[in-house]
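J.: input-v7.cif is the file, holding mmCIF, C-alpha atoms and all ligand atoms:
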```
data_data
loop_
_atom_site.label_atom_id
_atom_site.label_comp_id
_atom_site.auth_asym_id
_atom_site.auth_seq_id
_atom_site.Cartn_x
_atom_site.Cartn_y
_atom_site.Cartn_z
CA MET A 1 35.56 -22.47 -59.39
CA HIS A 2 37.55 -24.73 -61.65
CA GLY A 3 40.20 -24.26 -64.27
CA THR A 4 43.92 -24.25 -64.75
CA PRO A 5 45.94 -21.57 -62.99
CA GLU A 6 46.33 -19.85 -66.35
CA GLN A 7 42.62 -19.08 -66.50
CA LEU A 8 42.41 -17.85 -62.95
CA ILE A 9 43.75 -14.80 -61.15
CA ALA A 10 43.79 -13.90 -57.49
CA CYS A 11 43.61 -10.46 -55.89
CA HIS A 12 46.92 -9.55 -54.24
CA GLU A 13 45.16 -7.61 -51.48
CA CYS A 14 42.34 -9.95 -50.45
CA ASP A 15 43.21 -13.27 -52.17
CA LEU A 16 39.87 -13.45 -54.00
CA LEU A 17 40.01 -16.01 -56.81
CA MET A 18 38.54 -14.93 -60.14
CA THR A 19 38.45 -16.09 -63.72
CA ARG A 20 40.75 -14.08 -65.91
CA VAL A 21 38.90 -11.65 -68.10
CA ALA A 22 40.53 -10.30 -71.22
CA ASN A 23 40.97 -6.65 -70.44
CA LYS A 24 41.13 -4.03 -73.11
CA PRO A 25 44.10 -1.67 -73.28
CA ASN A 26 43.88 1.13 -70.75
CA GLU A 27 41.07 -0.60 -68.94
CA ASP A 28 41.62 -1.65 -65.35
CA VAL A 29 40.31 -4.78 -63.70
CA ILE A 30 39.09 -3.97 -60.21
CA CYS A 31 38.69 -6.61 -57.51
CA PRO A 32 34.94 -6.97 -56.84
CA ARG A 33 35.53 -7.66 -53.17
CA CYS A 34 38.15 -5.18 -51.94
CA HIS A 35 38.28 -2.83 -54.97
CA ALA A 36 42.04 -3.21 -55.44
CA ARG A 37 43.31 -2.58 -58.95
CA ILE A 38 44.30 -6.04 -60.06
CA PHE A 39 45.18 -5.74 -63.67
CA TYR A 40 45.89 -2.93 -65.99
CA THR A 41 47.48 -2.66 -69.35
CA SER A 42 49.32 0.26 -70.80
CA ILE A 43 50.54 0.62 -74.32
CA ASN A 44 54.23 0.76 -75.06
CA SER A 45 55.26 1.28 -71.49
CA ILE A 46 58.74 -0.23 -71.97
CA GLU A 47 59.73 2.43 -74.46
CA ARG A 48 58.41 5.19 -72.22
CA LEU A 49 60.24 3.70 -69.23
CA LEU A 50 63.48 3.63 -71.17
CA ALA A 51 63.11 7.28 -72.17
CA LEU A 52 62.15 8.31 -68.65
CA SER A 53 64.97 6.41 -66.99
CA VAL A 54 67.54 8.01 -69.29
CA ALA A 55 66.07 11.43 -68.52
CA GLY A 56 66.10 10.58 -64.82
CA LEU A 57 69.74 9.49 -64.85
CA ILE A 58 70.78 12.65 -66.66
CA LEU A 59 68.78 14.94 -64.35
CA PHE A 60 70.21 13.20 -61.34
CA ILE A 61 73.61 14.77 -62.01
CA PRO A 62 72.70 18.50 -61.90
CA ALA A 63 70.25 17.83 -59.05
CA ASN A 64 73.15 16.52 -56.99
CA ILE A 65 76.11 18.66 -58.00
CA PHE A 66 74.52 22.12 -58.06
CA PRO A 67 73.43 23.90 -54.88
CA ILE A 68 69.75 23.63 -54.05
CA LEU A 69 69.78 26.67 -51.79
CA SER A 70 72.16 29.42 -50.78
CA LEU A 71 71.83 31.82 -47.90
CA GLN A 72 73.35 35.18 -47.06
CA VAL A 73 73.51 36.85 -43.67
CA PHE A 74 75.71 39.82 -42.80
CA GLY A 75 77.85 39.29 -45.87
CA GLN A 76 78.50 35.66 -45.05
CA SER A 77 77.11 33.11 -47.40
CA GLN A 78 76.53 29.40 -47.38
CA SER A 79 75.14 27.08 -50.01
CA GLU A 80 74.24 23.42 -49.94
CA ILE A 81 73.83 20.46 -52.23
CA ILE A 82 71.50 17.56 -51.34
CA LEU A 83 74.33 15.42 -49.98
CA GLN A 84 75.28 18.04 -47.42
CA SER A 85 71.93 17.71 -45.64
CA ALA A 86 73.04 14.19 -44.77
CA LEU A 87 76.72 14.98 -44.12
CA SER A 88 76.04 17.84 -41.71
CA LEU A 89 73.95 15.57 -39.50
CA PHE A 90 76.64 12.93 -39.69
CA ASP A 91 79.14 15.49 -38.43
CA GLY A 92 76.74 16.43 -35.66
CA GLY A 93 76.57 12.83 -34.45
CA LEU A 94 73.06 11.97 -35.70
CA VAL A 95 74.38 9.03 -37.70
CA LEU A 96 71.11 7.17 -38.16
CA VAL A 97 69.18 10.23 -39.32
CA ALA A 98 72.02 11.15 -41.67
CA LEU A 99 71.99 7.63 -43.09
CA LEU A 100 68.24 7.74 -43.69
CA ILE A 101 68.46 11.04 -45.55
CA LEU A 102 71.33 9.65 -47.62
CA LEU A 103 69.25 6.56 -48.46
CA PHE A 104 65.84 8.13 -49.11
CA ALA A 105 66.96 11.29 -50.90
CA ILE A 106 69.97 10.04 -52.90
CA VAL A 107 70.79 6.32 -52.92
CA VAL A 108 67.30 4.86 -53.39
CA PRO A 109 66.18 7.34 -56.09
CA LEU A 110 69.45 6.78 -57.99
CA PHE A 111 69.23 3.02 -57.63
CA GLN A 112 65.61 3.09 -58.85
CA GLN A 113 66.59 4.95 -62.01
CA VAL A 114 69.50 2.60 -62.68
CA ILE A 115 67.27 -0.48 -62.21
CA LEU A 116 64.56 1.00 -64.38
CA PHE A 117 67.10 1.72 -67.09
CA TYR A 118 68.45 -1.83 -66.87
CA ILE A 119 64.97 -3.41 -67.08
CA SER A 120 63.68 -1.26 -69.92
CA PHE A 121 66.95 -1.39 -71.88
CA THR A 122 67.19 -5.18 -71.59
CA LEU A 123 63.59 -5.74 -72.64
CA HIS A 124 63.53 -3.16 -75.37
CA TYR A 125 66.74 -4.24 -77.07
CA ARG A 126 66.22 -7.93 -76.22
CA ARG A 127 69.49 -8.27 -74.37
CA GLU A 128 70.30 -11.25 -72.24
CA GLY A 129 69.49 -9.70 -68.86
CA ARG A 130 70.73 -12.23 -66.32
CA LEU A 131 69.74 -9.95 -63.46
CA LEU A 132 66.25 -9.16 -64.72
CA ARG A 133 64.42 -11.03 -61.96
CA GLN A 134 66.57 -9.51 -59.23
CA ALA A 135 66.12 -6.09 -60.78
CA MET A 136 62.35 -6.50 -60.77
CA HIS A 137 62.32 -7.61 -57.14
CA ALA A 138 64.57 -4.73 -56.13
CA TYR A 139 62.45 -2.16 -57.95
CA GLN A 140 59.20 -3.45 -56.49
CA HIS A 141 60.56 -3.58 -52.96
CA LEU A 142 62.06 -0.11 -53.20
CA ARG A 143 58.73 1.45 -54.13
CA GLY A 144 57.84 4.16 -51.65
CA TRP A 145 61.36 4.44 -50.24
CA GLY A 146 62.56 7.05 -52.68
CA MET A 147 61.39 10.30 -51.12
CA LEU A 148 62.50 13.09 -53.44
CA GLU A 149 59.12 14.81 -53.39
CA ILE A 150 59.11 14.85 -49.59
CA PHE A 151 62.65 16.23 -49.59
CA MET A 152 61.44 18.94 -52.00
CA LEU A 153 58.63 19.92 -49.63
CA GLY A 154 61.25 20.00 -46.87
CA VAL A 155 63.28 22.50 -48.91
CA LEU A 156 60.22 24.71 -49.40
CA ILE A 157 59.46 24.62 -45.67
CA SER A 158 63.08 25.49 -44.87
CA ILE A 159 62.87 28.46 -47.24
CA ILE A 160 59.78 29.78 -45.50
CA LYS A 161 61.30 29.20 -42.06
CA LEU A 162 64.45 31.13 -42.93
CA LYS A 163 63.04 33.86 -45.11
CA ASP A 164 62.76 36.41 -42.29
CA ILE A 165 66.25 35.72 -41.00
CA ALA A 166 68.32 35.64 -44.17
CA ASP A 167 68.47 36.22 -47.92
CA LEU A 168 67.83 32.97 -49.71
CA HIS A 169 68.52 32.04 -53.29
CA ILE A 170 67.21 28.99 -55.06
CA GLY A 171 69.95 27.17 -56.96
CA LEU A 172 70.06 25.19 -60.18
CA GLY A 173 70.06 22.00 -58.12
CA LEU A 174 66.53 22.65 -56.90
CA TYR A 175 65.14 23.20 -60.42
CA SER A 176 66.83 19.98 -61.55
CA LEU A 177 65.37 18.22 -58.52
CA ALA A 178 61.88 19.42 -59.47
CA ALA A 179 62.33 18.06 -63.01
CA LEU A 180 63.70 14.80 -61.62
CA ILE A 181 60.61 14.42 -59.42
CA VAL A 182 58.34 14.82 -62.46
CA VAL A 183 60.33 12.13 -64.29
CA THR A 184 60.39 9.65 -61.40
CA THR A 185 56.66 10.14 -60.76
CA LEU A 186 55.86 9.49 -64.41
CA SER A 187 58.04 6.39 -64.50
CA SER A 188 56.32 4.94 -61.44
CA VAL A 189 52.99 5.54 -63.23
CA PHE A 190 54.15 3.78 -66.38
CA PHE A 191 55.82 0.92 -64.54
CA ASN A 192 53.48 -2.00 -65.06
CA PRO A 193 54.79 -5.07 -63.23
CA HIS A 194 52.26 -7.44 -64.83
CA GLN A 195 53.30 -6.49 -68.30
CA ILE A 196 56.99 -6.79 -67.50
CA TRP A 197 56.68 -10.15 -65.73
CA HIS A 198 54.66 -11.35 -68.69
CA GLN A 199 57.42 -10.26 -71.06
CA ILE A 200 60.04 -11.96 -68.91
CA ASP A 201 57.91 -15.12 -69.07
CA LEU A 202 57.66 -14.93 -72.85
CA ARG A 203 61.43 -14.45 -73.22
CA ARG A 204 62.07 -17.47 -71.03
CA GLN A 205 59.64 -19.65 -72.99
CA LYS A 206 61.17 -18.51 -76.26
CA ARG A 207 64.64 -19.31 -75.00
CA ALA A 208 63.48 -22.76 -73.87
CA THR A 209 62.12 -23.59 -77.32
CA ASP A 210 65.22 -22.17 -79.00
CA ASP A 211 67.40 -24.45 -76.93
CA ARG A 212 65.53 -27.53 -78.05
CA MET B 213 31.73 -22.07 -63.77
CA THR B 214 28.95 -22.81 -61.32
CA ASP B 215 27.93 -19.46 -59.99
CA LYS B 216 27.14 -19.14 -56.35
CA PRO B 217 27.20 -15.73 -54.77
CA ARG B 218 30.06 -16.41 -52.43
CA PHE B 219 33.53 -15.00 -52.53
CA LYS B 220 36.17 -17.66 -52.34
CA SER B 221 39.84 -17.01 -51.73
CA ALA B 222 42.64 -18.57 -53.72
CA ARG B 223 43.80 -20.40 -50.62
CA GLU B 224 40.36 -21.95 -50.00
CA SER B 225 40.35 -23.11 -53.61
CA GLY B 226 43.78 -24.71 -53.40
CA TYR B 227 45.81 -21.94 -55.00
CA LEU B 228 48.55 -19.61 -53.89
CA LEU B 229 49.49 -16.25 -55.34
CA CYS B 230 53.14 -15.26 -55.64
CA ILE B 231 53.12 -11.85 -53.99
CA ASP B 232 56.17 -10.72 -55.97
CA CYS B 233 55.05 -11.40 -59.54
CA GLU B 234 51.38 -12.31 -59.00
CA LYS B 235 51.57 -15.67 -60.69
CA LEU B 236 49.08 -18.25 -59.44
CA HIS B 237 50.45 -21.58 -58.21
CA PRO B 238 48.92 -24.67 -56.61
CA LEU B 239 48.80 -24.42 -52.85
CA SER B 240 51.06 -27.46 -52.56
CA LEU B 241 54.03 -25.32 -53.61
CA GLU B 242 54.02 -23.44 -50.27
CA GLY B 243 57.64 -22.83 -49.27
CA GLU B 244 59.02 -23.58 -52.75
CA LEU B 245 60.44 -21.04 -55.19
CA CYS B 246 58.28 -19.32 -57.80
CA ASP B 247 59.28 -20.61 -61.24
CA ARG B 248 58.73 -17.21 -62.83
CA CYS B 249 60.38 -14.77 -60.44
CA GLY B 250 62.35 -16.95 -58.03
CA ALA B 251 60.69 -15.63 -54.87
CA ARG B 252 59.80 -17.95 -52.02
CA LEU B 253 56.10 -18.81 -52.22
CA HIS B 254 53.81 -18.28 -49.26
CA SER B 255 50.05 -18.24 -49.22
CA ARG B 256 50.24 -15.58 -46.49
CA VAL B 257 53.26 -13.53 -45.43
CA PRO B 258 54.99 -15.64 -42.73
CA ASN B 259 54.91 -14.19 -39.23
CA SER B 260 53.09 -11.13 -40.53
CA MET B 261 50.98 -10.54 -37.42
CA ASN B 262 53.82 -10.92 -34.88
CA LEU B 263 56.22 -8.67 -36.75
CA SER B 264 53.55 -6.08 -37.46
CA TRP B 265 52.41 -5.99 -33.81
CA ALA B 266 56.00 -5.87 -32.56
CA SER B 267 57.02 -2.92 -34.70
CA LEU B 268 53.78 -1.09 -33.96
CA ILE B 269 54.26 -1.48 -30.20
CA ALA B 270 57.88 -0.37 -30.48
CA ALA B 271 56.71 2.68 -32.43
CA VAL B 272 54.17 3.56 -29.73
CA ILE B 273 56.83 3.30 -27.03
CA LEU B 274 59.28 5.50 -28.94
CA PHE B 275 56.59 8.03 -29.83
CA LEU B 276 56.90 9.64 -26.41
CA PRO B 277 60.68 10.38 -26.46
CA ALA B 278 60.33 11.38 -30.12
CA ASN B 279 57.99 14.14 -29.05
CA MET B 280 59.56 15.07 -25.71
CA LEU B 281 63.22 15.27 -26.74
CA PRO B 282 64.44 18.30 -28.70
CA ILE B 283 64.92 17.68 -32.43
CA MET B 284 67.10 20.71 -33.16
CA THR B 285 68.72 23.80 -31.68
CA PHE B 286 68.91 27.21 -33.33
CA LYS B 287 71.55 29.55 -31.99
CA SER B 288 72.23 33.11 -33.04
CA PHE B 289 74.88 35.19 -31.22
CA GLY B 290 74.85 32.67 -28.41
CA GLN B 291 71.07 32.96 -28.00
CA GLY B 292 68.52 30.23 -28.60
CA GLU B 293 67.46 26.94 -27.15
CA PRO B 294 66.53 23.42 -28.27
CA SER B 295 63.06 22.89 -29.67
CA THR B 296 60.82 19.83 -29.88
CA ILE B 297 58.59 18.89 -32.81
CA LEU B 298 55.56 20.47 -31.17
CA GLY B 299 57.62 23.50 -30.15
CA GLY B 300 58.69 24.05 -33.75
CA ILE B 301 55.10 23.85 -34.94
CA LEU B 302 53.86 26.29 -32.28
CA HIS B 303 56.66 28.66 -33.24
CA LEU B 304 55.51 28.59 -36.87
CA LEU B 305 51.90 29.18 -35.88
CA ASP B 306 53.03 32.02 -33.61
CA GLN B 307 54.75 33.75 -36.49
CA ASP B 308 51.62 33.70 -38.66
CA MET B 309 52.99 30.90 -40.80
CA LEU B 310 49.69 29.10 -40.45
CA LEU B 311 49.74 27.03 -43.62
CA ILE B 312 53.26 25.76 -43.16
CA GLY B 313 52.63 25.14 -39.47
CA LEU B 314 49.63 23.02 -40.37
CA VAL B 315 51.61 21.08 -42.99
CA VAL B 316 54.29 20.20 -40.43
CA LEU B 317 51.65 19.45 -37.78
CA PHE B 318 49.94 17.10 -40.21
CA ALA B 319 53.10 15.30 -41.35
CA SER B 320 54.84 15.05 -37.96
CA ILE B 321 52.03 14.46 -35.50
CA VAL B 322 48.65 13.80 -37.17
CA VAL B 323 49.93 11.22 -39.68
CA PRO B 324 51.97 9.10 -37.20
CA VAL B 325 49.09 9.12 -34.69
CA LEU B 326 46.53 8.19 -37.34
CA LYS B 327 48.84 5.52 -38.65
CA ILE B 328 49.30 3.98 -35.22
CA ILE B 329 45.52 4.02 -34.62
CA ALA B 330 44.77 2.56 -38.05
CA MET B 331 47.33 -0.23 -37.70
CA THR B 332 45.91 -1.06 -34.26
CA ILE B 333 42.41 -1.32 -35.76
CA LEU B 334 43.65 -3.51 -38.61
CA LEU B 335 45.68 -5.80 -36.37
CA CYS B 336 42.74 -6.15 -33.95
CA THR B 337 40.46 -6.95 -36.89
CA VAL B 338 42.63 -9.91 -37.79
CA GLN B 339 43.48 -10.90 -34.22
CA PHE B 340 39.89 -10.93 -32.99
CA ARG B 341 38.32 -12.02 -36.30
CA LEU B 342 36.16 -8.95 -36.64
CA GLN B 343 34.03 -8.99 -39.75
CA THR B 344 32.65 -5.51 -40.12
CA ASN B 345 33.56 -2.82 -42.65
CA LEU B 346 36.32 -4.88 -44.22
CA ARG B 347 36.28 -2.85 -47.42
CA GLN B 348 36.56 0.43 -45.51
CA LYS B 349 39.42 -1.01 -43.48
CA THR B 350 41.25 -2.05 -46.64
CA LEU B 351 40.78 1.45 -48.01
CA MET B 352 42.07 2.90 -44.74
CA PHE B 353 45.16 0.70 -45.06
CA ARG B 354 45.85 1.95 -48.58
CA ILE B 355 45.57 5.55 -47.43
CA ILE B 356 47.88 5.23 -44.41
CA GLU B 357 50.38 3.22 -46.40
CA TRP B 358 50.57 5.98 -48.98
CA ILE B 359 50.55 8.88 -46.58
CA GLY B 360 52.87 7.43 -43.90
CA ARG B 361 56.12 8.25 -45.67
CA TRP B 362 55.31 11.98 -45.55
CA SER B 363 56.17 11.85 -41.85
CA MET B 364 59.82 11.94 -42.92
CA LEU B 365 59.26 15.60 -43.79
CA ASP B 366 60.58 17.01 -40.52
CA ILE B 367 63.67 14.82 -40.74
CA PHE B 368 64.52 16.31 -44.13
CA VAL B 369 63.84 19.83 -42.86
CA ILE B 370 66.31 19.27 -40.01
CA GLY B 371 68.97 18.02 -42.44
CA ILE B 372 68.46 20.94 -44.82
CA LEU B 373 68.51 23.57 -42.08
CA VAL B 374 71.55 22.13 -40.31
CA ALA B 375 73.51 22.02 -43.57
CA LEU B 376 72.57 25.55 -44.57
CA VAL B 377 72.76 27.46 -41.32
CA GLN B 378 76.40 27.00 -40.34
CA LEU B 379 77.54 30.58 -39.94
CA GLY B 380 79.52 30.17 -36.77
CA ASN B 381 78.53 32.65 -34.11
CA ILE B 382 76.09 34.58 -36.30
CA ALA B 383 73.65 31.72 -36.78
CA HIS B 384 74.00 28.05 -36.22
CA ILE B 385 71.58 25.09 -36.23
CA GLU B 386 72.30 21.62 -34.93
CA GLY B 387 70.28 18.43 -34.78
CA ASN B 388 69.39 16.68 -31.52
CA ASP B 389 68.55 13.16 -30.41
CA GLY B 390 64.78 13.62 -30.69
CA ALA B 391 65.28 13.50 -34.45
CA THR B 392 66.72 9.99 -34.21
CA ALA B 393 63.82 8.80 -32.05
CA PHE B 394 61.32 10.35 -34.44
CA ALA B 395 62.98 8.82 -37.52
CA VAL B 396 62.85 5.39 -35.86
CA VAL B 397 59.14 5.85 -35.10
CA VAL B 398 58.46 6.61 -38.76
CA LEU B 399 60.53 3.63 -39.90
CA LEU B 400 58.77 1.29 -37.45
CA THR B 401 55.28 2.37 -38.53
CA MET B 402 56.26 1.95 -42.19
CA PHE B 403 57.63 -1.50 -41.49
CA SER B 404 54.52 -2.44 -39.52
CA ALA B 405 52.37 -1.60 -42.56
CA ILE B 406 54.68 -3.28 -45.09
CA ILE B 407 54.85 -6.58 -43.23
CA PHE B 408 51.08 -6.58 -42.62
CA ASP B 409 49.34 -8.96 -45.02
CA THR B 410 46.03 -7.38 -46.09
CA ARG B 411 44.73 -10.76 -47.18
CA LEU B 412 44.46 -11.75 -43.51
CA ILE B 413 41.65 -9.21 -43.08
CA TRP B 414 39.54 -11.15 -45.54
CA ASP B 415 40.36 -14.61 -44.19
CA ASN B 416 37.87 -14.41 -41.36
CA GLY B 417 35.24 -16.31 -43.28
CA VAL B 418 31.85 -14.75 -43.83
CA THR B 419 32.48 -12.03 -46.36
CA ASP B 420 29.53 -12.85 -48.61
CA LEU B 421 27.26 -10.44 -46.80
CA PRO B 422 23.86 -9.92 -48.46
CA SER B 423 24.51 -6.19 -48.62
CA ASP B 424 27.30 -6.84 -51.10
CA ASN B 425 24.87 -8.04 -53.76
CA SER B 426 25.46 -5.09 -56.06
CA ASP B 427 28.89 -6.44 -56.89
CA GLU B 428 27.83 -9.94 -57.77
CA LYS B 429 26.57 -8.87 -61.20
CA ASP B 430 30.16 -8.32 -62.27
CA THR B 431 30.94 -12.01 -62.13
CA PRO B 432 30.62 -13.51 -65.59
ZN ZN A 501 40.62 -7.97 -53.65
ZN ZN A 502 56.66 -15.13 -58.57
#
```
Could you render the structure as structure tokens?
T.:
Amino acid sequence: MHGTPEQLIACHECDLLMTRVANKPNEDVICPRCHARIFYTSINSIERLLALSVAGLILFIPANIFPILSLQVFGQSQSEIILQSALSLFDGGLVLVALLILLFAIVVPLFQQVILFYISFTLHYRREGRLLRQAMHAYQHLRGWGMLEIFMLGVLISIIKLKDIADLHIGLGLYSLAALIVVTTLSSVFFNPHQIWHQIDLRRQKRATDDR
Amino acid sequence: MTDKPRFKSARESGYLLCIDCEKLHPLSLEGELCDRCGARLHSRVPNSMNLSWASLIAAVILFLPANMLPIMTFKSFGQGEPSTILGGILHLLDQDMLLIGLVVLFASIVVPVLKIIAMTILLCTVQFRLQTNLRQKTLMFRIIEWIGRWSMLDIFVIGILVALVQLGNIAHIEGNDGATAFAVVVLLTMFSAIIFDTRLIWDNGVTDLPSDNSDEKDTP
């Protein structure tokens, strides 16, 4: 197989070398050897990402300041926001577990939305974006570490576990969390690293010719 | 392009793929920085096998305390005792909460066990240069990588319950050390999968098996 690197692509999962085929929009290129999805194009994903990241950042606020659940037993009541599920374990001495909940259920999801906003805003409005590469690396490495949907399932399981013991009420925080999960799931679907790296490449080339 | 029905990897052909931005470089740039994304270029993830084995073995060792130690204690009017992961599941099944019991059983026990078995198979495949069912093994890797994070479920449940049930003497839940051990097991299995380089599976050589002929038509 011969050609310049520009005409060739390699599979990221099995390292198979192939000639680059021009793929039509919305048509995937599948690795013939290991069946990994190598290449896919989506139309206008930057604009969608921008919209989704703004929605995500907004939804993040009610999801974290309003109670997700409240419970009543014998006239006593208790309600909790997401952060408290980490803090209570911290108080109980399970520092590592508390830290993981804090990371996976709050910090990482927030960070992902901020990064996504930065990337899509910079590309869409053609801003300078000095941190674009770092942002891309961070977003790609954080994939899978935001676990809002697992946290949500945890809330549902807790409800079922407690329903015979106490009166439970679902709070505004939980509805916001559900909406936030929809938004973050959609944005991870529309996030197309190939397209974005390609755009970053084009910007850099353009800047290089402008400088000359 | 001279077409011979043999799969050839980028490395065999003198190329190297940046794993961060998927730009193709000449193999001679090994160890340099990618000019597009700035990541360090490596044809294969350095030390992948050692780190993957090490974290897998550590996970196996910790799996026992994670399941033997209590993860939380529910107390109501002074009554109640610590429960383990399995104890919690059995309690749910006992109370006719079959579906939810099965969900927790799946996330907390079935998934970690399957993940440990699958990673062992994959690491042995590379270590002993096995050449069978490579495509199925790759598919297995994708599945466990996706499903592994759901093992964090019980950790979140503990956090949610402990935060909510703090009613002094009436009802009170606290977390125990088993939760820490279990969280570390989940982290270690996730790390073992992340650091594992799937390309190593395909490096064993003969992957142009005659039975794969159906796919050759795709090549232009
Ligand atoms: Zn492949
Ligand atoms: Zn790169």
J.: Work out how far apart atom CA of Trp358 of chain B and atom CA of Leu156 of chain A are and give it in Å to one decimal.
T.: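 Rounded to one decimal, the two atoms are 21.1 Å apart.
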J.: Give me, as a count of residues only, the set of residues whose atoms come within 12 Å of any atom of ligand ZN 501 (chain A), counting all atoms listed in the file.
T.: 36
J.: Provide the atom CA of Lys327 of chain B to atom CA of Leu399 of chain B distance in Å, to one decimal place.
T.: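 A separation of 11.9 Å between them.
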J.: Around ligand ZN 502 (chain A), which protein and nucleic acid residues have at least one atom no more than 10 Å from it, if we count all atoms listed in the file? List them as a list in words.
T.: Arg133, His137 and Trp197 of chain A; Leu229, Cys230, Ile231, Asp232, Cys233, Glu234, Lys235, Leu236, His237, Leu245, Cys246, Asp247, Arg248, Cys249, Gly250, Ala251, Arg252 and Leu253 of chain B
J.: Using all atoms listed in the file for the distances, tell me which of B:Thr401, B:Gly380, B:Leu274, B:Leu365 is nearest to chain A.
T.: B:Leu365
J.: Can you work out the spacing between atom CA of Lys206 of chain A and atom CA of His141 of chain A in Å, to one decimal?
T.: 27.7 Å
J.: Neighbourhood query: residues within 12 Å of (65.3, 8.8, -67.7), file coordinates, counting only C-alpha atoms; return as a compact mmCIF listing (two decimals) with C-alpha atoms, in the frame of the given file.
T.:
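Now in point01.txt:
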```txt
# COMPACT_ATOMS: atom_id res chain seq x y z
CA ILE A 46 58.74 -0.23 -71.97
CA GLU A 47 59.73 2.43 -74.46
CA ARG A 48 58.41 5.19 -72.22
CA LEU A 49 60.24 3.70 -69.23
CA LEU A 50 63.48 3.63 -71.17
CA ALA A 51 63.11 7.28 -72.17
CA LEU A 52 62.15 8.31 -68.65
CA SER A 53 64.97 6.41 -66.99
CA VAL A 54 67.54 8.01 -69.29
CA ALA A 55 66.07 11.43 -68.52
CA GLY A 56 66.10 10.58 -64.82
CA LEU A 57 69.74 9.49 -64.85
CA ILE A 58 70.78 12.65 -66.66
CA LEU A 59 68.78 14.94 -64.35
CA PHE A 60 70.21 13.20 -61.34
CA ILE A 61 73.61 14.77 -62.01
CA PRO A 109 66.18 7.34 -56.09
CA LEU A 110 69.45 6.78 -57.99
CA GLN A 112 65.61 3.09 -58.85
CA GLN A 113 66.59 4.95 -62.01
CA VAL A 114 69.50 2.60 -62.68
CA ILE A 115 67.27 -0.48 -62.21
CA LEU A 116 64.56 1.00 -64.38
CA PHE A 117 67.10 1.72 -67.09
CA TYR A 118 68.45 -1.83 -66.87
CA SER A 120 63.68 -1.26 -69.92
CA PHE A 121 66.95 -1.39 -71.88
CA ALA A 179 62.33 18.06 -63.01
CA LEU A 180 63.70 14.80 -61.62
CA ILE A 181 60.61 14.42 -59.42
CA VAL A 182 58.34 14.82 -62.46
CA VAL A 183 60.33 12.13 -64.29
CA THR A 184 60.39 9.65 -61.40
CA THR A 185 56.66 10.14 -60.76
CA LEU A 186 55.86 9.49 -64.41
CA SER A 187 58.04 6.39 -64.50
CA SER A 188 56.32 4.94 -61.44
```
J.: Applying 12 Å and all atoms listed in the file, which residues near Thr332 of chain B remain after dropping the ones on its own chain fewer than 6 positions away? List them as a list of chain:residue names.
T.: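 Listed by chain and then number, they are B:Met261, B:Ser264, B:Trp265, B:Ala266, B:Ser267, B:Leu268, B:Ile269, B:Ala271, B:Val272, B:Val325, B:Leu326, B:Val338, B:Gln339, B:Phe340, B:Lys349, B:Met352, B:Phe353, B:Thr401, B:Ser404, B:Ala405, B:Phe408.
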J.: Which residues, written as an mmCIF file with C-alpha atoms, in the coordinates of the input, have at least one atom at most 9 Å from Ala319 of chain B, with only C-alpha atoms counted and residues fewer than 3 positions away on the same chain left out?
T.:
```
data_model
loop_
_atom_site.group_PDB
_atom_site.id
_atom_site.type_symbol
_atom_site.label_atom_id
_atom_site.label_comp_id
_atom_site.auth_asym_id
_atom_site.auth_seq_id
_atom_site.Cartn_x
_atom_site.Cartn_y
_atom_site.Cartn_z
ATOM 1 C CA LEU B 314 49.630 23.020 -40.370
ATOM 2 C CA VAL B 315 51.610 21.080 -42.990
ATOM 3 C CA VAL B 316 54.290 20.200 -40.430
ATOM 4 C CA VAL B 322 48.650 13.800 -37.170
ATOM 5 C CA VAL B 323 49.930 11.220 -39.680
ATOM 6 C CA PRO B 324 51.970 9.100 -37.200
ATOM 7 C CA ILE B 359 50.550 8.880 -46.580
ATOM 8 C CA GLY B 360 52.870 7.430 -43.900
ATOM 9 C CA ARG B 361 56.120 8.250 -45.670
ATOM 10 C CA TRP B 362 55.310 11.980 -45.550
ATOM 11 C CA SER B 363 56.170 11.850 -41.850
ATOM 12 C CA MET B 364 59.820 11.940 -42.920
ATOM 13 C CA LEU B 365 59.260 15.600 -43.790
ATOM 14 C CA ASP B 366 60.580 17.010 -40.520
#
```
J.: Of the candidates B:Leu335, B:Arg341, B:Gln348, B:Glu242, which shows the shortest atom-to-atom distance to Leu263 of chain B, using only C-alpha atoms?
T.: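 Distance minimum relative to Leu263 of chain B lands on B:Leu335.
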J.: Would you please work out which residue, of B:Ile297, B:Leu302, B:Val374, B:Met402, is nearest to chain A when using only C-alpha atoms?
T.: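 Checking each of B:Ile297, B:Leu302, B:Val374, B:Met402 against chain A, counting only C-alpha atoms, the winner is B:Val374.
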